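Visitor: File entry_24.cif follows (mmCIF, N, CA and C atoms):
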```
data_query
#
loop_
_atom_site.label_atom_id
_atom_site.label_comp_id
_atom_site.auth_asym_id
_atom_site.auth_seq_id
_atom_site.Cartn_x
_atom_site.Cartn_y
_atom_site.Cartn_z
N MET A 1 8.85 -35.23 46.63
CA MET A 1 9.34 -34.31 45.62
C MET A 1 8.78 -34.69 44.25
N ILE A 2 8.45 -33.67 43.46
CA ILE A 2 7.84 -33.91 42.15
C ILE A 2 8.94 -34.06 41.12
N GLY A 3 8.88 -35.11 40.34
CA GLY A 3 9.90 -35.38 39.34
C GLY A 3 9.52 -34.80 37.99
N PRO A 4 10.45 -34.90 37.02
CA PRO A 4 10.18 -34.36 35.69
C PRO A 4 9.05 -35.09 34.98
N ASP A 5 8.75 -36.31 35.40
CA ASP A 5 7.65 -37.05 34.77
C ASP A 5 6.31 -36.37 35.05
N VAL A 6 6.20 -35.62 36.12
CA VAL A 6 4.96 -34.95 36.48
C VAL A 6 4.98 -33.48 36.06
N VAL A 7 6.13 -32.85 36.12
CA VAL A 7 6.23 -31.42 35.83
C VAL A 7 5.97 -31.12 34.36
N VAL A 8 6.47 -31.93 33.46
CA VAL A 8 6.32 -31.67 32.03
C VAL A 8 4.85 -31.70 31.61
N PRO A 9 4.06 -32.73 31.96
CA PRO A 9 2.65 -32.69 31.56
C PRO A 9 1.88 -31.54 32.22
N ILE A 10 2.19 -31.21 33.46
CA ILE A 10 1.50 -30.10 34.13
C ILE A 10 1.84 -28.79 33.43
N ALA A 11 3.11 -28.57 33.08
CA ALA A 11 3.51 -27.35 32.36
C ALA A 11 2.84 -27.30 30.99
N PHE A 12 2.72 -28.44 30.33
CA PHE A 12 2.07 -28.48 29.03
C PHE A 12 0.60 -28.06 29.14
N PHE A 13 -0.12 -28.61 30.09
CA PHE A 13 -1.54 -28.28 30.24
C PHE A 13 -1.74 -26.85 30.72
N VAL A 14 -0.85 -26.34 31.55
CA VAL A 14 -0.94 -24.94 31.98
C VAL A 14 -0.73 -24.02 30.78
N THR A 15 0.23 -24.38 29.92
CA THR A 15 0.48 -23.58 28.72
C THR A 15 -0.74 -23.60 27.80
N ILE A 16 -1.33 -24.74 27.58
CA ILE A 16 -2.51 -24.85 26.72
C ILE A 16 -3.67 -24.03 27.29
N VAL A 17 -3.93 -24.14 28.58
CA VAL A 17 -5.02 -23.39 29.20
C VAL A 17 -4.76 -21.89 29.10
N SER A 18 -3.53 -21.47 29.34
CA SER A 18 -3.23 -20.04 29.25
C SER A 18 -3.37 -19.53 27.82
N LEU A 19 -3.01 -20.33 26.83
CA LEU A 19 -3.20 -19.92 25.43
C LEU A 19 -4.69 -19.85 25.06
N VAL A 20 -5.44 -20.85 25.48
CA VAL A 20 -6.87 -20.89 25.16
C VAL A 20 -7.60 -19.71 25.79
N LEU A 21 -7.22 -19.34 26.99
CA LEU A 21 -7.88 -18.20 27.65
C LEU A 21 -7.23 -16.87 27.29
N GLY A 22 -5.93 -16.86 27.07
CA GLY A 22 -5.21 -15.60 26.87
C GLY A 22 -5.38 -15.00 25.49
N VAL A 23 -5.37 -15.83 24.46
CA VAL A 23 -5.46 -15.31 23.09
C VAL A 23 -6.76 -14.55 22.86
N PRO A 24 -7.92 -15.08 23.22
CA PRO A 24 -9.15 -14.29 23.02
C PRO A 24 -9.18 -13.00 23.84
N LEU A 25 -8.62 -13.05 25.06
CA LEU A 25 -8.59 -11.84 25.87
C LEU A 25 -7.70 -10.77 25.23
N VAL A 26 -6.56 -11.17 24.70
CA VAL A 26 -5.66 -10.22 24.05
C VAL A 26 -6.31 -9.65 22.79
N ARG A 27 -6.96 -10.50 22.01
CA ARG A 27 -7.65 -10.02 20.80
C ARG A 27 -8.75 -9.03 21.14
N ALA A 28 -9.50 -9.31 22.20
CA ALA A 28 -10.56 -8.39 22.61
C ALA A 28 -9.98 -7.05 23.04
N LYS A 29 -8.89 -7.08 23.76
CA LYS A 29 -8.26 -5.84 24.20
C LYS A 29 -7.75 -5.04 23.00
N ILE A 30 -7.15 -5.71 22.04
CA ILE A 30 -6.66 -5.03 20.84
C ILE A 30 -7.81 -4.40 20.07
N ARG A 31 -8.91 -5.13 19.90
CA ARG A 31 -10.09 -4.57 19.21
C ARG A 31 -10.63 -3.34 19.93
N ARG A 32 -10.68 -3.41 21.24
CA ARG A 32 -11.17 -2.28 22.03
C ARG A 32 -10.27 -1.06 21.84
N GLU A 33 -8.96 -1.27 21.85
CA GLU A 33 -8.03 -0.15 21.64
C GLU A 33 -8.14 0.42 20.23
N GLU A 34 -8.34 -0.44 19.23
CA GLU A 34 -8.49 0.05 17.86
C GLU A 34 -9.77 0.88 17.72
N ARG A 35 -10.84 0.44 18.35
CA ARG A 35 -12.08 1.20 18.29
C ARG A 35 -11.94 2.56 18.97
N SER A 36 -11.22 2.59 20.09
CA SER A 36 -11.05 3.86 20.78
C SER A 36 -10.12 4.78 19.99
N ALA A 37 -9.20 4.22 19.21
CA ALA A 37 -8.31 5.04 18.38
C ALA A 37 -9.07 5.64 17.20
N LEU A 38 -10.17 5.02 16.79
CA LEU A 38 -10.93 5.50 15.65
C LEU A 38 -11.99 6.53 16.03
N THR A 39 -12.08 6.87 17.28
CA THR A 39 -13.06 7.87 17.69
C THR A 39 -12.69 9.21 17.07
N PRO A 40 -13.68 10.02 16.74
CA PRO A 40 -13.38 11.30 16.09
C PRO A 40 -12.59 12.21 17.03
N PRO A 41 -11.70 12.99 16.47
CA PRO A 41 -10.90 13.89 17.30
C PRO A 41 -11.76 14.98 17.92
N ASP A 42 -11.30 15.52 19.00
CA ASP A 42 -12.05 16.57 19.67
C ASP A 42 -11.98 17.86 18.85
N ALA A 43 -12.69 18.87 19.29
CA ALA A 43 -12.80 20.13 18.55
C ALA A 43 -11.44 20.82 18.45
N MET A 44 -10.65 20.72 19.49
CA MET A 44 -9.34 21.37 19.48
C MET A 44 -8.43 20.77 18.41
N ALA A 45 -8.46 19.45 18.29
CA ALA A 45 -7.65 18.79 17.26
C ALA A 45 -8.16 19.14 15.87
N ALA A 46 -9.46 19.27 15.72
CA ALA A 46 -10.04 19.63 14.42
C ALA A 46 -9.60 21.04 14.03
N GLU A 47 -9.56 21.95 14.99
CA GLU A 47 -9.10 23.31 14.70
C GLU A 47 -7.63 23.32 14.30
N ARG A 48 -6.84 22.53 15.00
CA ARG A 48 -5.41 22.46 14.65
C ARG A 48 -5.23 21.91 13.25
N LEU A 49 -5.98 20.87 12.90
CA LEU A 49 -5.88 20.31 11.56
C LEU A 49 -6.30 21.33 10.51
N ALA A 50 -7.32 22.12 10.80
CA ALA A 50 -7.76 23.15 9.85
C ALA A 50 -6.67 24.19 9.66
N ARG A 51 -6.01 24.58 10.74
CA ARG A 51 -4.91 25.55 10.61
C ARG A 51 -3.74 24.98 9.83
N ILE A 52 -3.45 23.70 10.06
CA ILE A 52 -2.36 23.06 9.32
C ILE A 52 -2.71 23.00 7.83
N GLU A 53 -3.95 22.67 7.51
CA GLU A 53 -4.37 22.62 6.11
C GLU A 53 -4.24 24.00 5.46
N ALA A 54 -4.65 25.03 6.16
CA ALA A 54 -4.55 26.39 5.62
C ALA A 54 -3.09 26.77 5.41
N ALA A 55 -2.23 26.40 6.34
CA ALA A 55 -0.80 26.72 6.19
C ALA A 55 -0.19 25.98 5.01
N VAL A 56 -0.56 24.72 4.83
CA VAL A 56 -0.03 23.95 3.70
C VAL A 56 -0.52 24.54 2.39
N GLU A 57 -1.76 24.96 2.32
CA GLU A 57 -2.29 25.57 1.10
C GLU A 57 -1.57 26.88 0.79
N SER A 58 -1.31 27.71 1.79
CA SER A 58 -0.61 28.96 1.54
C SER A 58 0.83 28.70 1.11
N ILE A 59 1.47 27.69 1.68
CA ILE A 59 2.82 27.34 1.26
C ILE A 59 2.81 26.85 -0.18
N ALA A 60 1.81 26.07 -0.55
CA ALA A 60 1.71 25.59 -1.93
C ALA A 60 1.55 26.75 -2.90
N ILE A 61 0.77 27.75 -2.54
CA ILE A 61 0.59 28.92 -3.41
C ILE A 61 1.91 29.67 -3.55
N GLU A 62 2.63 29.85 -2.46
CA GLU A 62 3.91 30.56 -2.53
C GLU A 62 4.92 29.79 -3.36
N VAL A 63 4.95 28.48 -3.23
CA VAL A 63 5.87 27.67 -4.03
C VAL A 63 5.52 27.78 -5.51
N GLU A 64 4.24 27.81 -5.83
CA GLU A 64 3.82 27.97 -7.22
C GLU A 64 4.26 29.34 -7.75
N ARG A 65 4.15 30.37 -6.95
CA ARG A 65 4.61 31.70 -7.37
C ARG A 65 6.12 31.70 -7.62
N ILE A 66 6.86 31.05 -6.75
CA ILE A 66 8.31 30.99 -6.93
C ILE A 66 8.65 30.23 -8.21
N SER A 67 7.96 29.13 -8.46
CA SER A 67 8.26 28.36 -9.68
C SER A 67 7.88 29.14 -10.93
N GLU A 68 6.78 29.93 -10.88
CA GLU A 68 6.43 30.77 -12.02
C GLU A 68 7.51 31.81 -12.27
N GLY A 69 8.02 32.43 -11.21
CA GLY A 69 9.10 33.41 -11.36
C GLY A 69 10.35 32.77 -11.92
N GLN A 70 10.65 31.56 -11.50
CA GLN A 70 11.82 30.87 -12.01
C GLN A 70 11.65 30.53 -13.48
N ARG A 71 10.46 30.07 -13.87
CA ARG A 71 10.22 29.79 -15.29
C ARG A 71 10.34 31.06 -16.12
N PHE A 72 9.81 32.18 -15.62
CA PHE A 72 9.89 33.45 -16.33
C PHE A 72 11.34 33.88 -16.50
N THR A 73 12.12 33.79 -15.43
CA THR A 73 13.52 34.18 -15.50
C THR A 73 14.30 33.28 -16.45
N THR A 74 14.04 32.01 -16.41
CA THR A 74 14.72 31.07 -17.30
C THR A 74 14.38 31.37 -18.75
N ARG A 75 13.11 31.68 -19.01
CA ARG A 75 12.70 32.00 -20.37
C ARG A 75 13.39 33.28 -20.84
N LEU A 76 13.46 34.29 -19.98
CA LEU A 76 14.15 35.54 -20.35
C LEU A 76 15.62 35.29 -20.66
N LEU A 77 16.27 34.50 -19.83
CA LEU A 77 17.68 34.22 -20.05
C LEU A 77 17.91 33.40 -21.32
N SER A 78 17.03 32.46 -21.61
CA SER A 78 17.20 31.65 -22.82
C SER A 78 16.93 32.48 -24.08
N ASP A 79 15.96 33.42 -24.01
CA ASP A 79 15.71 34.30 -25.15
C ASP A 79 16.87 35.28 -25.34
N ARG A 80 17.46 35.67 -24.27
CA ARG A 80 18.56 36.64 -24.33
C ARG A 80 19.80 36.02 -24.96
N THR A 81 20.10 34.79 -24.68
CA THR A 81 21.28 34.14 -25.25
C THR A 81 21.05 33.73 -26.69
N ALA A 82 19.82 33.68 -27.16
CA ALA A 82 19.55 33.31 -28.53
C ALA A 82 19.92 34.43 -29.49
N GLU A 83 19.91 35.67 -29.06
CA GLU A 83 20.26 36.79 -29.91
C GLU A 83 21.77 36.87 -30.06
N PRO A 84 22.27 37.19 -31.27
CA PRO A 84 23.72 37.32 -31.42
C PRO A 84 24.22 38.58 -30.73
N VAL A 85 25.36 38.48 -30.12
CA VAL A 85 25.95 39.59 -29.40
C VAL A 85 26.85 40.36 -30.38
N PRO A 86 26.60 41.67 -30.56
CA PRO A 86 27.45 42.42 -31.49
C PRO A 86 28.85 42.60 -30.89
N VAL A 87 29.84 42.45 -31.74
CA VAL A 87 31.23 42.60 -31.31
C VAL A 87 31.72 43.94 -31.83
N SER A 88 32.23 44.75 -30.95
CA SER A 88 32.73 46.06 -31.39
C SER A 88 34.19 45.94 -31.80
N ARG A 89 34.61 46.78 -32.72
CA ARG A 89 35.98 46.77 -33.22
C ARG A 89 36.96 47.27 -32.15
N ALA A 90 36.49 48.09 -31.25
CA ALA A 90 37.38 48.66 -30.24
C ALA A 90 37.82 47.60 -29.23
N ALA A 91 37.02 46.57 -29.07
CA ALA A 91 37.34 45.55 -28.09
C ALA A 91 38.34 44.54 -28.63
N GLU A 92 38.54 44.49 -29.95
CA GLU A 92 39.48 43.51 -30.51
C GLU A 92 40.92 43.99 -30.33
N PRO A 93 41.81 43.09 -30.06
CA PRO A 93 43.22 43.48 -29.89
C PRO A 93 43.84 43.81 -31.25
N THR A 94 44.76 44.73 -31.27
CA THR A 94 45.43 45.12 -32.51
C THR A 94 46.73 44.33 -32.67
N PRO A 95 47.02 43.89 -33.89
CA PRO A 95 48.25 43.10 -34.08
C PRO A 95 49.50 43.91 -34.18
#
```
Written as structure tokens, that's how I'd like the structure from this file.
Guide:
Amino acid sequence: MIGPDVVVPIAFFVTIVSLVLGVPLVRAKIRREERSALTPPDAMAAERLARIEAAVESIAIEVERISEGQRFTTRLLSDRTAEPVPVSRAAEPTP
């Protein structure tokens, strides 16, 4: 039967060998996956991105139109409140 005096050094050397061989293999696999992720998208994905860009641009134009309308309305309301409101005598209560 193998005692702990033999198992500990064997486990230590197995761990060292697996790290020495495993770390470079894992790094190589990660590099390979990163390179494959950087490949240019296919034509279908490019078309989808172009449609998304066009939709975002049209939404931006509509938002700008809404903000222009809001600025115009705000300006009209602020100009309107700046003028004094005439008070008619008929609206005043009689004592």
Visitor: When DSSP is applied to the backbone of this structure, which of chain A are assigned helix (DSSP H, G or I)? Write them out as a ChimeraX atom specification.
Guide: /A:4-37,43-82,89-91
Visitor: Please compute the atom C of A:Ser78-atom C of A:Ile59 distance, one decimal, in Å.
Guide: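 Between these atoms lies a distance of 28.3 Å.
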Visitor: Could you please determine the separation between atom CA of A:Glu53 and atom CA of A:Phe72 in Å, to one decimal place?
Guide: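 Interatomic distance, atom CA of A:Glu53 to atom CA of A:Phe72: 28.7 Å.
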Visitor: One number please: atom N of A:Gly3 to atom CA of A:Val17, in Å, one decimal.
Guide: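 Answer for the atom N of A:Gly3 to atom CA of A:Val17 separation: 21.3 Å.
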